[in-house]
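Asker: Next up, structure-v8.txt (compact mmCIF, C-alpha atoms).
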# COMPACT_ATOMS: atom_id res chain seq x y z
CA MET A 1 -9.16 -104.56 58.11
CA LYS A 2 -10.63 -104.68 61.63
CA ARG A 3 -11.89 -101.17 61.15
CA THR A 4 -13.30 -101.87 57.66
CA ILE A 5 -15.93 -104.44 58.72
CA PRO A 6 -17.93 -102.16 61.05
CA LEU A 7 -17.63 -99.42 58.45
CA LEU A 8 -19.13 -101.69 55.80
CA VAL A 9 -21.94 -102.74 58.17
CA ALA A 10 -22.74 -99.07 58.82
CA LEU A 11 -22.72 -98.32 55.10
CA VAL A 12 -25.09 -101.21 54.34
CA ALA A 13 -27.43 -100.12 57.15
CA PHE A 14 -27.50 -96.64 55.62
CA LEU A 15 -28.21 -97.80 52.10
CA ILE A 16 -30.87 -100.44 52.78
CA PRO A 17 -34.30 -98.86 53.31
CA PRO A 18 -36.40 -99.96 56.30
CA PRO A 19 -38.77 -102.83 55.51
CA LEU A 20 -42.17 -101.62 54.44
CA ALA A 21 -45.18 -103.17 56.09
CA LEU A 22 -47.81 -104.50 53.69
CA ALA A 23 -50.61 -102.01 53.34
CA ARG A 24 -53.90 -103.19 54.78
CA THR A 25 -56.78 -101.84 56.73
CA VAL A 26 -58.37 -103.12 59.88
CA SER A 27 -61.90 -102.22 60.80
CA SER A 28 -62.20 -100.60 64.20
CA ALA A 29 -65.06 -103.08 64.74
CA PHE A 30 -62.31 -105.41 65.96
CA GLU A 31 -60.71 -102.73 68.17
CA HIS A 32 -57.57 -104.23 69.66
CA GLY A 33 -58.69 -107.85 69.20
CA ILE A 34 -56.53 -108.52 66.15
CA TYR A 35 -53.25 -110.43 66.33
CA ASP A 36 -50.87 -109.41 63.58
CA PRO A 37 -48.52 -112.27 62.61
CA GLY A 38 -46.56 -109.93 60.34
CA THR A 39 -45.65 -110.68 56.75
CA LEU A 40 -45.66 -114.42 56.01
CA LYS A 41 -44.32 -116.57 53.21
CA PRO A 42 -46.86 -115.88 50.42
CA VAL A 43 -47.64 -119.56 49.69
CA ASP A 44 -46.43 -122.54 51.72
CA SER A 45 -48.14 -125.61 50.31
CA THR A 46 -48.56 -127.61 47.11
CA LEU A 47 -51.96 -128.01 45.48
CA LYS A 48 -53.36 -131.55 45.35
CA VAL A 49 -56.27 -130.69 43.04
CA ARG A 50 -56.59 -128.90 39.73
CA VAL A 51 -59.24 -127.23 37.60
CA GLY A 52 -61.43 -129.83 35.85
CA GLN A 53 -61.15 -132.40 38.67
CA ARG A 54 -63.94 -133.39 41.03
CA ALA A 55 -63.50 -131.57 44.33
CA PRO A 56 -62.71 -133.80 47.35
CA ASP A 57 -65.88 -134.27 49.37
CA PHE A 58 -65.96 -133.34 53.04
CA THR A 59 -68.23 -132.89 56.01
CA LEU A 60 -67.30 -130.32 58.65
CA PRO A 61 -68.93 -128.88 61.77
CA SER A 62 -70.28 -125.36 61.34
CA ILE A 63 -70.92 -122.48 63.73
CA SER A 64 -74.68 -123.06 63.36
CA GLY A 65 -74.21 -126.43 65.07
CA GLU A 66 -75.15 -128.41 61.96
CA PRO A 67 -72.52 -130.30 59.96
CA VAL A 68 -72.16 -129.21 56.35
CA SER A 69 -71.11 -131.47 53.46
CA LEU A 70 -69.97 -130.36 50.05
CA ALA A 71 -72.26 -133.06 48.63
CA ASP A 72 -75.27 -131.21 50.12
CA TYR A 73 -75.04 -128.77 47.21
CA ARG A 74 -74.44 -131.26 44.39
CA GLY A 75 -76.92 -130.57 41.57
CA LYS A 76 -78.36 -127.61 43.47
CA LYS A 77 -75.83 -124.82 43.79
CA ASN A 78 -72.34 -123.83 42.73
CA VAL A 79 -69.98 -123.57 45.69
CA VAL A 80 -67.24 -121.09 46.53
CA ILE A 81 -64.93 -122.34 49.27
CA SER A 82 -63.05 -119.52 50.93
CA PHE A 83 -60.18 -120.87 53.01
CA VAL A 84 -58.69 -118.18 55.25
CA PRO A 85 -55.62 -118.79 57.43
CA ALA A 86 -56.83 -117.84 60.90
CA ALA A 87 -59.51 -116.02 62.85
CA TRP A 88 -58.60 -112.73 64.55
CA THR A 89 -55.84 -111.84 62.08
CA PRO A 90 -55.72 -108.68 59.93
CA VAL A 91 -56.39 -109.73 56.35
CA CYS A 92 -58.86 -112.53 57.22
CA SER A 93 -60.90 -110.13 59.34
CA ASP A 94 -60.91 -107.84 56.32
CA GLN A 95 -62.16 -110.39 53.77
CA TRP A 96 -65.35 -112.19 54.82
CA PRO A 97 -67.15 -108.98 55.93
CA GLY A 98 -66.99 -107.91 52.27
CA TYR A 99 -68.58 -111.18 51.15
CA ASN A 100 -71.16 -110.61 53.85
CA ILE A 101 -72.76 -107.70 51.96
CA ILE A 102 -73.02 -109.45 48.59
CA GLU A 103 -75.33 -112.35 49.38
CA ASP A 104 -77.47 -111.13 46.48
CA LEU A 105 -74.57 -111.49 44.04
CA PHE A 106 -73.91 -115.07 45.17
CA GLU A 107 -77.64 -115.79 44.91
CA HIS A 108 -77.74 -114.26 41.43
CA HIS A 109 -75.06 -116.75 40.35
CA GLU A 110 -76.80 -119.67 42.13
CA THR A 111 -73.80 -120.02 44.40
CA ILE A 112 -73.28 -120.74 48.09
CA LEU A 113 -70.20 -119.50 49.89
CA LEU A 114 -68.55 -121.78 52.45
CA GLY A 115 -66.03 -120.11 54.75
CA VAL A 116 -63.43 -122.52 56.14
CA THR A 117 -60.57 -122.10 58.62
CA VAL A 118 -58.59 -124.49 60.82
CA ASP A 119 -59.86 -122.72 63.98
CA ASN A 120 -62.26 -124.46 66.32
CA VAL A 121 -66.00 -123.75 66.34
CA PRO A 122 -66.12 -121.50 69.46
CA THR A 123 -63.34 -119.30 68.06
CA LEU A 124 -65.08 -119.01 64.70
CA TYR A 125 -68.38 -118.25 66.39
CA ALA A 126 -66.89 -115.42 68.47
CA TRP A 127 -64.99 -113.99 65.50
CA THR A 128 -67.96 -113.94 63.12
CA MET A 129 -70.22 -112.49 65.83
CA GLN A 130 -67.72 -109.63 66.07
CA MET A 131 -68.37 -109.10 62.35
CA GLY A 132 -72.06 -108.79 63.18
CA GLY A 133 -72.83 -112.35 62.04
CA VAL A 134 -72.52 -113.73 58.50
CA TRP A 135 -75.12 -115.17 56.11
CA PHE A 136 -72.96 -118.04 54.84
CA PRO A 137 -71.96 -121.30 56.56
CA VAL A 138 -68.67 -121.04 58.44
CA LEU A 139 -66.95 -124.40 58.85
CA SER A 140 -64.27 -125.57 61.23
CA ASP A 141 -61.45 -127.71 59.82
CA PHE A 142 -59.97 -127.96 63.30
CA TRP A 143 -60.01 -131.72 63.86
CA PRO A 144 -58.49 -133.84 62.43
CA HIS A 145 -56.49 -130.69 62.11
CA GLY A 146 -56.62 -129.20 58.61
CA LYS A 147 -57.72 -132.47 57.01
CA VAL A 148 -59.91 -130.76 54.41
CA ALA A 149 -57.35 -128.03 53.68
CA ASP A 150 -54.77 -130.80 53.21
CA SER A 151 -57.05 -132.73 50.84
CA PHE A 152 -57.10 -129.65 48.58
CA GLY A 153 -53.36 -129.08 49.12
CA VAL A 154 -53.68 -125.75 50.93
CA LEU A 155 -52.46 -126.70 54.42
CA ARG A 156 -49.34 -124.73 55.30
CA SER A 157 -46.41 -126.18 57.22
CA ASP A 158 -47.37 -124.12 60.30
CA GLY A 159 -50.85 -125.70 60.50
CA MET A 160 -52.76 -122.76 59.04
CA SER A 161 -54.45 -122.96 55.67
CA GLU A 162 -53.63 -120.78 52.71
CA ARG A 163 -55.83 -117.87 51.72
CA ALA A 164 -57.48 -119.74 48.86
CA LEU A 165 -60.63 -119.64 46.78
CA PHE A 166 -62.09 -122.66 44.99
CA VAL A 167 -65.07 -122.31 42.66
CA ILE A 168 -66.90 -125.62 42.27
CA ASP A 169 -69.81 -126.06 39.88
CA LYS A 170 -73.09 -127.88 40.53
CA GLN A 171 -71.58 -131.11 39.26
CA GLY A 172 -68.84 -130.89 41.88
CA ILE A 173 -66.12 -130.02 39.36
CA ILE A 174 -63.47 -127.46 40.30
CA ARG A 175 -63.71 -124.56 37.84
CA TYR A 176 -61.34 -122.01 39.40
CA ILE A 177 -58.52 -122.01 41.95
CA ASP A 178 -56.82 -118.99 43.51
CA VAL A 179 -54.19 -119.83 46.10
CA HIS A 180 -53.57 -116.21 46.96
CA ASP A 181 -50.61 -114.50 48.61
CA ILE A 182 -51.56 -115.05 52.26
CA ASN A 183 -50.69 -111.43 53.05
CA LYS A 184 -53.17 -109.94 50.59
CA ARG A 185 -56.91 -109.99 50.05
CA PRO A 186 -58.11 -111.34 46.69
CA LYS A 187 -59.92 -108.78 44.54
CA LEU A 188 -63.65 -109.26 44.62
CA GLU A 189 -64.17 -108.56 40.93
CA THR A 190 -61.94 -111.52 39.99
CA LEU A 191 -64.15 -113.90 41.96
CA ILE A 192 -67.37 -112.42 40.58
CA GLU A 193 -65.98 -112.74 37.05
CA GLN A 194 -65.44 -116.48 37.70
CA LEU A 195 -69.02 -116.84 38.93
CA LYS A 196 -70.24 -115.22 35.69
CA ARG A 197 -68.25 -117.81 33.72
CA LEU A 198 -70.14 -120.65 35.42
CA ARG A 199 -73.16 -119.70 33.33
CA GLN A 200 -71.23 -119.98 30.05
CA MET B 1 -5.65 -88.65 65.78
CA LEU B 2 -8.91 -87.01 64.78
CA ASN B 3 -8.17 -87.49 61.11
CA ALA B 4 -7.55 -91.21 61.69
CA HIS B 5 -11.06 -91.64 63.09
CA LYS B 6 -12.78 -89.32 60.62
CA PRO B 7 -14.15 -92.05 58.28
CA THR B 8 -15.49 -94.00 61.24
CA ALA B 9 -17.17 -90.91 62.67
CA ILE B 10 -18.79 -90.07 59.32
CA LEU B 11 -20.15 -93.59 58.90
CA CYS B 12 -21.43 -93.64 62.48
CA LEU B 13 -23.30 -90.42 61.73
CA MET B 14 -24.72 -92.03 58.57
CA LEU B 15 -25.87 -95.03 60.62
CA LEU B 16 -27.40 -92.78 63.26
CA SER B 17 -29.24 -90.69 60.65
CA SER B 18 -30.48 -93.90 59.01
CA LEU B 19 -31.91 -95.10 62.32
CA LEU B 20 -33.45 -91.71 63.00
CA CYS B 21 -35.07 -91.70 59.54
CA GLN B 22 -36.60 -95.10 60.28
CA SER B 23 -38.08 -93.95 63.58
CA ASN B 24 -39.33 -90.73 61.98
CA ALA B 25 -41.19 -92.82 59.40
CA VAL B 26 -43.09 -94.47 62.24
CA VAL B 27 -43.82 -91.20 64.04
CA ALA B 28 -44.94 -89.55 60.81
CA GLY B 29 -47.34 -92.47 60.33
CA GLY B 30 -50.04 -90.98 62.59
CA PRO B 31 -53.11 -89.30 61.11
CA PRO B 32 -53.16 -85.50 60.75
CA LYS B 33 -54.68 -83.95 63.87
CA ALA B 34 -56.93 -80.94 64.44
CA GLY B 35 -55.00 -77.75 63.72
CA GLU B 36 -52.59 -79.44 61.33
CA SER B 37 -52.56 -79.28 57.54
CA PHE B 38 -54.11 -82.17 55.65
CA PRO B 39 -51.81 -83.71 53.01
CA SER B 40 -52.37 -82.45 49.49
CA ILE B 41 -53.77 -85.52 47.81
CA GLY B 42 -54.68 -85.97 44.19
CA LEU B 43 -57.72 -88.12 43.60
CA PRO B 44 -59.37 -89.56 40.50
CA ALA B 45 -62.62 -87.79 39.65
CA PRO B 46 -65.73 -89.74 40.57
CA GLY B 47 -67.07 -91.69 37.61
CA ASN B 48 -70.53 -90.24 38.12
CA VAL B 49 -70.96 -86.81 36.42
CA SER B 50 -73.39 -85.59 39.08
CA HIS B 51 -70.81 -86.34 41.75
CA GLY B 52 -68.28 -84.21 39.87
CA ALA B 53 -70.84 -81.41 39.77
CA TYR B 54 -71.56 -81.86 43.49
CA LEU B 55 -67.86 -81.36 44.27
CA GLY B 56 -67.63 -78.48 41.80
CA ILE B 57 -64.57 -79.93 40.09
CA GLY B 58 -65.96 -79.73 36.56
CA ASP B 59 -64.82 -82.41 34.15
CA ARG B 60 -61.30 -82.82 35.51
CA GLY B 61 -59.88 -86.33 35.36
CA THR B 62 -58.18 -85.86 38.71
CA PHE B 63 -58.58 -83.25 41.41
CA ASN B 64 -57.06 -82.02 44.65
CA LEU B 65 -59.12 -81.49 47.78
CA GLU B 66 -58.50 -77.71 47.73
CA GLN B 67 -60.26 -77.57 44.33
CA ILE B 68 -63.55 -78.75 45.85
CA ASP B 69 -66.17 -76.01 45.89
CA ALA B 70 -66.90 -75.95 49.62
CA GLN B 71 -65.81 -74.30 52.85
CA VAL B 72 -65.99 -77.47 54.91
CA LEU B 73 -65.31 -80.98 53.69
CA VAL B 74 -66.24 -84.08 55.66
CA ILE B 75 -64.15 -87.09 54.64
CA GLU B 76 -65.06 -90.63 55.62
CA ILE B 77 -62.22 -93.12 55.33
CA PHE B 78 -63.94 -96.47 54.87
CA SER B 79 -63.62 -99.94 53.40
CA MET B 80 -66.40 -102.11 51.98
CA TYR B 81 -64.81 -104.95 53.97
CA CYS B 82 -65.20 -103.10 57.28
CA PRO B 83 -68.23 -104.22 59.32
CA TYR B 84 -68.22 -100.99 61.33
CA CYS B 85 -68.33 -98.94 58.09
CA GLN B 86 -71.21 -101.10 56.89
CA ARG B 87 -73.17 -100.47 60.10
CA GLU B 88 -72.28 -96.77 59.97
CA ALA B 89 -73.40 -96.26 56.34
CA PRO B 90 -77.09 -95.48 57.07
CA LEU B 91 -76.05 -92.92 59.70
CA VAL B 92 -73.62 -91.23 57.31
CA ASN B 93 -76.41 -91.14 54.72
CA ARG B 94 -78.56 -89.36 57.30
CA LEU B 95 -75.79 -86.87 57.90
CA PHE B 96 -75.61 -86.22 54.15
CA GLU B 97 -79.39 -85.77 53.92
CA THR B 98 -79.34 -83.39 56.90
CA VAL B 99 -76.70 -81.22 55.24
CA GLU B 100 -78.32 -81.40 51.80
CA SER B 101 -81.76 -80.44 53.10
CA ASN B 102 -80.40 -77.26 54.66
CA PRO B 103 -80.02 -74.54 51.98
CA ARG B 104 -77.63 -72.56 54.23
CA LEU B 105 -75.31 -75.54 54.53
CA ASN B 106 -75.54 -77.49 51.31
CA ILE B 107 -73.44 -75.04 49.28
CA LYS B 108 -70.76 -74.77 51.96
CA VAL B 109 -70.44 -78.33 53.24
CA LYS B 110 -69.61 -81.38 51.13
CA LEU B 111 -69.08 -85.05 51.96
CA LEU B 112 -66.55 -87.38 50.35
CA GLY B 113 -65.79 -91.03 51.04
CA ILE B 114 -62.43 -92.67 50.32
CA GLY B 115 -62.45 -96.47 50.11
CA VAL B 116 -58.98 -97.54 51.25
CA GLY B 117 -57.71 -100.75 49.72
CA ASN B 118 -60.90 -100.91 47.65
CA SER B 119 -61.03 -101.20 43.87
CA PRO B 120 -63.59 -99.17 41.89
CA PHE B 121 -65.70 -102.36 41.68
CA GLU B 122 -65.62 -102.82 45.47
CA VAL B 123 -66.46 -99.16 46.13
CA ASP B 124 -69.36 -99.47 43.71
CA ILE B 125 -70.67 -102.51 45.60
CA PHE B 126 -70.62 -100.47 48.82
CA ARG B 127 -72.30 -97.47 47.16
CA LYS B 128 -75.11 -99.57 45.70
CA LYS B 129 -75.62 -101.69 48.82
CA TYR B 130 -76.14 -98.67 51.07
CA ARG B 131 -77.58 -96.31 48.40
CA ILE B 132 -74.93 -93.71 49.08
CA ARG B 133 -75.53 -90.43 47.25
CA PHE B 134 -72.29 -88.58 47.98
CA PRO B 135 -69.08 -89.32 46.02
CA LEU B 136 -66.95 -92.32 46.97
CA ILE B 137 -63.41 -92.51 45.61
CA PRO B 138 -61.45 -95.80 45.46
CA ASP B 139 -57.91 -95.98 46.87
CA PRO B 140 -56.98 -99.46 45.59
CA ASP B 141 -53.23 -99.19 46.20
CA TYR B 142 -53.51 -97.58 49.65
CA LYS B 143 -51.78 -94.40 48.37
CA VAL B 144 -54.13 -92.08 50.28
CA HIS B 145 -54.20 -94.48 53.22
CA LYS B 146 -50.42 -94.20 53.60
CA MET B 147 -50.53 -90.40 53.37
CA ILE B 148 -53.05 -90.11 56.19
CA GLY B 149 -51.30 -92.39 58.65
CA GLU B 150 -52.80 -95.80 57.76
CA VAL B 151 -55.80 -95.20 59.99
CA ARG B 152 -58.24 -97.95 60.94
CA THR B 153 -61.76 -97.62 59.56
CA PRO B 154 -64.09 -95.84 59.71
CA TYR B 155 -62.20 -92.59 60.32
CA PHE B 156 -63.64 -89.11 59.92
CA PHE B 157 -61.91 -85.85 59.08
CA VAL B 158 -63.55 -82.43 58.92
CA LEU B 159 -61.44 -80.03 56.86
CA CYS B 160 -61.45 -76.31 56.23
CA LEU B 161 -60.97 -75.58 52.51
CA VAL B 162 -61.19 -71.80 52.35
CA GLY B 163 -58.87 -69.76 50.17
CA GLY B 164 -57.32 -72.48 48.03
CA ASN B 165 -54.80 -73.04 50.82
CA PRO B 166 -53.80 -76.53 51.95
CA PRO B 167 -56.78 -78.03 53.79
CA LYS B 168 -56.69 -77.51 57.54
CA VAL B 169 -57.88 -80.27 59.84
CA ILE B 170 -60.68 -79.21 62.18
CA TYR B 171 -61.68 -82.70 63.37
CA SER B 172 -59.87 -86.03 63.16
CA LYS B 173 -61.28 -89.11 64.85
CA LEU B 174 -61.37 -92.90 64.59
CA GLY B 175 -64.79 -94.51 64.75
CA GLY B 176 -68.30 -93.55 63.76
CA ILE B 177 -69.90 -90.11 63.75
CA GLY B 178 -72.05 -91.03 66.73
CA ASP B 179 -74.92 -88.64 67.31
CA ILE B 180 -76.00 -86.70 64.18
CA ASP B 181 -76.83 -83.51 66.11
CA LYS B 182 -73.46 -83.50 67.83
CA PHE B 183 -71.71 -84.03 64.51
CA MET B 184 -73.74 -81.21 62.95
CA ASN B 185 -72.47 -79.01 65.79
CA ILE B 186 -68.91 -79.96 64.82
CA ILE B 187 -69.70 -78.95 61.23
CA SER B 188 -71.22 -75.61 62.34
CA SER B 189 -68.22 -74.94 64.52
CA ALA B 190 -65.94 -75.78 61.59
CA LEU B 191 -67.81 -73.30 59.38
CA SER B 192 -67.25 -70.56 61.98
CA THR B 193 -63.57 -71.42 62.23
CA CYS B 194 -63.15 -71.51 58.45
CA ALA B 195 -64.88 -68.12 58.08
CA LYS B 196 -62.11 -66.59 60.22
CA GLU B 197 -59.32 -68.16 58.16
Would you mind giving the structure from this file in structure tokens?

Answerer:
Amino acid sequence: MKRTIPLLVALVAFLIPPPLALARTVSSAFEHGIYDPGTLKPVDSTLKVRVGQRAPDFTLPSISGEPVSLADYRGKKNVVISFVPAAWTPVCSDQWPGYNIIEDLFEHHETILLGVTVDNVPTLYAWTMQMGGVWFPVLSDFWPHGKVADSFGVLRSDGMSERALFVIDKQGIIRYIDVHDINKRPKLETLIEQLKRLRQ
Amino acid sequence: MLNAHKPTAILCLMLLSSLLCQSNAVVAGGPPKAGESFPSIGLPAPGNVSHGAYLGIGDRGTFNLEQIDAQVLVIEIFSMYCPYCQREAPLVNRLFETVESNPRLNIKVKLLGIGVGNSPFEVDIFRKKYRIRFPLIPDPDYKVHKMIGEVRTPYFFVLCLVGGNPPKVIYSKLGGIGDIDKFMNIISSALSTCAKE
């Protein structure tokens, strides 16, 4: 029996394949400045809002130095809020730069993009400068920590936010929610399809 | 005595080979280097008919790199989400124009972009944004990316395609192409090398 246990352990080690890392790319624009937290629990929060509800209002500091409120866009523009978990991490650094080259598509759909993380303003400033700057407001939900993320129900137990997209129409009503697997980037076409639906 | 320990020895060997396989998977993860063969990868044909004609692959639905009608193939591994690739796009366009405007080169040298982790929609956004005229192929499930060592982006390969043999890597480097003239020298040198193959 004593000999059987190590034999079984060896057999299991042989049969179980090594864990596969999630496929993702990292731009060499970030060189070695990216911290990889590894594969995380896909979703670690419970939504507090749903489609058809009015989005919780908020005012947050932005990297431009001016505070930004969701109410600023009421009656003027649709809003996409892109929560990403953390600056200087692989998937997040590989998401907003894509949005950065489609300002015209957002404009076409009369939509503003608001990028939100729980990092502080200096961190967000440095990170987005490394992207070459971005056209959309980048907001810091750092203090009170994650208050806005929590109001939407996308604050994880480790203090990061989920990777989540909220589409809010000009009346302030939530029209689409995607609390995405934190380890993966949402497909762009899905978001653009939702923006098209705002016109219907 | 030996017979009594035989099962243990066999299982220890299995465990050792399992561990070795795992470390080999990591080692084999690097990109193919100059002098090595490039993996034989099947790609979907570009949606644009003129791009199929440019590559000389006819109306195939899928193709392999060795079927491309060229002696030298420049491959850019990119992502539309990569800021470096975005900044590099005008320079790569200039490289394409330089090759295309040279009648001695344009039938021998072709360019191909592979958008790793990008859907056809995302690749199309990149193509339109930067008015890219050479074919861009999406790799939405990272299949190609895994075969070439999960490189960061942008990454450039220059391959020798002569003779229908597996493509041979002449140049393999992370980062942008840098100076156009220097990169054209790499292409000329690759043509000379391929002619001897």

Asker: Might you pull out every residue within 10 Å of Leu105 (chain A), with all atoms listed in the file counted and same-chain residues fewer than 4 positions away left off, and present them as a list in words?

Answerer: Tyr99, Ile101, His109, Glu110, Thr111, Ile192 and Leu195 of chain A; Ile125 of chain B

Asker: Go ahead and save the residues from that selection, with C-alpha atoms, as a PDB file, keeping the file's coordinate frame.

Answerer:
ATOM      1  CA  TYR A  99     -68.580-111.180  51.150  1.00  0.00           C
ATOM      2  CA  ILE A 101     -72.760-107.700  51.960  1.00  0.00           C
ATOM      3  CA  HIS A 109     -75.060-116.750  40.350  1.00  0.00           C
ATOM      4  CA  GLU A 110     -76.800-119.670  42.130  1.00  0.00           C
ATOM      5  CA  THR A 111     -73.800-120.020  44.400  1.00  0.00           C
ATOM      6  CA  ILE A 192     -67.370-112.420  40.580  1.00  0.00           C
ATOM      7  CA  LEU A 195     -69.020-116.840  38.930  1.00  0.00           C
TER       8      LEU A 195
ATOM      9  CA  ILE B 125     -70.670-102.510  45.600  1.00  0.00           C
TER      10      ILE B 125
END

Asker: For CA of Asp141 (chain A) and CA of Gly117 (chain B), determine how far apart the two atoms are, in Å to one decimal place.

Answerer: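 For CA of Asp141 (chain A) relative to CA of Gly117 (chain B), the distance reads 29.0 Å.
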
Asker: To one decimal place, how far is CA of Gly98 (chain A) from CA of Pro83 (chain B) in Å?

Answerer: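 CA of Pro83 (chain B) lies at a distance of 8.1 Å from CA of Gly98 (chain A).
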
Asker: A:Val80, A:Leu165, A:Cys92, A:Met160: which is nearest chain B, counting all atoms listed in the file?

Answerer: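 Residue with the minimum atom-to-atom distance to chain B: A:Cys92.
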
Asker: Step by step: start from the point (-76.3, -91.3, 58.2) in the file's coordinates, keep every protein, DNA or RNA residue that has an atom no farther than 12 Å from it, count all atoms listed in the file, and write the set as a short mmCIF file (atom, residue, chain, number, x, y, z; two decimals) with C-alpha atoms, in the frame of the given file.

Answerer:
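Okay, selection-v5.cif is ready:
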data_model
loop_
_atom_site.label_atom_id
_atom_site.label_comp_id
_atom_site.auth_asym_id
_atom_site.auth_seq_id
_atom_site.Cartn_x
_atom_site.Cartn_y
_atom_site.Cartn_z
CA GLU B 76 -65.06 -90.63 55.62
CA CYS B 85 -68.33 -98.94 58.09
CA GLN B 86 -71.21 -101.10 56.89
CA ARG B 87 -73.17 -100.47 60.10
CA GLU B 88 -72.28 -96.77 59.97
CA ALA B 89 -73.40 -96.26 56.34
CA PRO B 90 -77.09 -95.48 57.07
CA LEU B 91 -76.05 -92.92 59.70
CA VAL B 92 -73.62 -91.23 57.31
CA ASN B 93 -76.41 -91.14 54.72
CA ARG B 94 -78.56 -89.36 57.30
CA LEU B 95 -75.79 -86.87 57.90
CA PHE B 96 -75.61 -86.22 54.15
CA GLU B 97 -79.39 -85.77 53.92
CA THR B 98 -79.34 -83.39 56.90
CA VAL B 99 -76.70 -81.22 55.24
CA GLU B 100 -78.32 -81.40 51.80
CA LEU B 111 -69.08 -85.05 51.96
CA TYR B 130 -76.14 -98.67 51.07
CA ARG B 131 -77.58 -96.31 48.40
CA ILE B 132 -74.93 -93.71 49.08
CA ARG B 133 -75.53 -90.43 47.25
CA PHE B 134 -72.29 -88.58 47.98
CA GLY B 176 -68.30 -93.55 63.76
CA ILE B 177 -69.90 -90.11 63.75
CA GLY B 178 -72.05 -91.03 66.73
CA ASP B 179 -74.92 -88.64 67.31
CA ILE B 180 -76.00 -86.70 64.18
CA ASP B 181 -76.83 -83.51 66.11
CA PHE B 183 -71.71 -84.03 64.51
CA MET B 184 -73.74 -81.21 62.95
#

Asker: Can you sort out region 193-197 of chain B so it carries all heavy atoms, written as a PDB file, in the frame of the given file?

Answerer:
ATOM      1  N   THR B 193     -65.031 -71.481  62.229  1.00  0.00           N
ATOM      2  CA  THR B 193     -63.570 -71.420  62.230  1.00  0.00           C
ATOM      3  C   THR B 193     -63.037 -71.090  60.839  1.00  0.00           C
ATOM      4  O   THR B 193     -62.150 -70.246  60.692  1.00  0.00           O
ATOM      5  CB  THR B 193     -62.982 -72.788  62.682  1.00  0.00           C
ATOM      6  OG1 THR B 193     -63.565 -73.132  63.933  1.00  0.00           O
ATOM      7  CG2 THR B 193     -61.474 -72.737  62.816  1.00  0.00           C
ATOM      8  N   CYS B 194     -63.614 -71.721  59.823  1.00  0.00           N
ATOM      9  CA  CYS B 194     -63.150 -71.510  58.450  1.00  0.00           C
ATOM     10  C   CYS B 194     -63.414 -70.067  58.003  1.00  0.00           C
ATOM     11  O   CYS B 194     -62.625 -69.489  57.244  1.00  0.00           O
ATOM     12  CB  CYS B 194     -63.842 -72.465  57.489  1.00  0.00           C
ATOM     13  SG  CYS B 194     -63.452 -74.180  57.826  1.00  0.00           S
ATOM     14  N   ALA B 195     -64.533 -69.490  58.464  1.00  0.00           N
ATOM     15  CA  ALA B 195     -64.880 -68.120  58.080  1.00  0.00           C
ATOM     16  C   ALA B 195     -63.826 -67.133  58.566  1.00  0.00           C
ATOM     17  O   ALA B 195     -63.634 -66.065  57.987  1.00  0.00           O
ATOM     18  CB  ALA B 195     -66.247 -67.752  58.652  1.00  0.00           C
ATOM     19  N   LYS B 196     -63.146 -67.488  59.660  1.00  0.00           N
ATOM     20  CA  LYS B 196     -62.110 -66.590  60.220  1.00  0.00           C
ATOM     21  C   LYS B 196     -60.756 -66.784  59.539  1.00  0.00           C
ATOM     22  O   LYS B 196     -59.839 -66.014  59.774  1.00  0.00           O
ATOM     23  CB  LYS B 196     -61.960 -66.864  61.723  1.00  0.00           C
ATOM     24  CG  LYS B 196     -63.187 -66.484  62.540  1.00  0.00           C
ATOM     25  CD  LYS B 196     -63.011 -66.948  63.979  1.00  0.00           C
ATOM     26  CE  LYS B 196     -64.332 -66.845  64.737  1.00  0.00           C
ATOM     27  NZ  LYS B 196     -64.320 -67.634  65.968  1.00  0.00           N
ATOM     28  N   GLU B 197     -60.639 -67.857  58.766  1.00  0.00           N
ATOM     29  CA  GLU B 197     -59.320 -68.160  58.160  1.00  0.00           C
ATOM     30  C   GLU B 197     -58.989 -67.140  57.059  1.00  0.00           C
ATOM     31  O   GLU B 197     -59.844 -66.724  56.328  1.00  0.00           O
ATOM     32  CB  GLU B 197     -59.336 -69.578  57.567  1.00  0.00           C
ATOM     33  CG  GLU B 197     -59.424 -70.655  58.613  1.00  0.00           C
ATOM     34  CD  GLU B 197     -58.125 -70.878  59.381  1.00  0.00           C
ATOM     35  OE1 GLU B 197     -57.066 -70.887  58.740  1.00  0.00           O
ATOM     36  OE2 GLU B 197     -58.179 -71.044  60.603  1.00  0.00           O
TER      37      GLU B 197
END
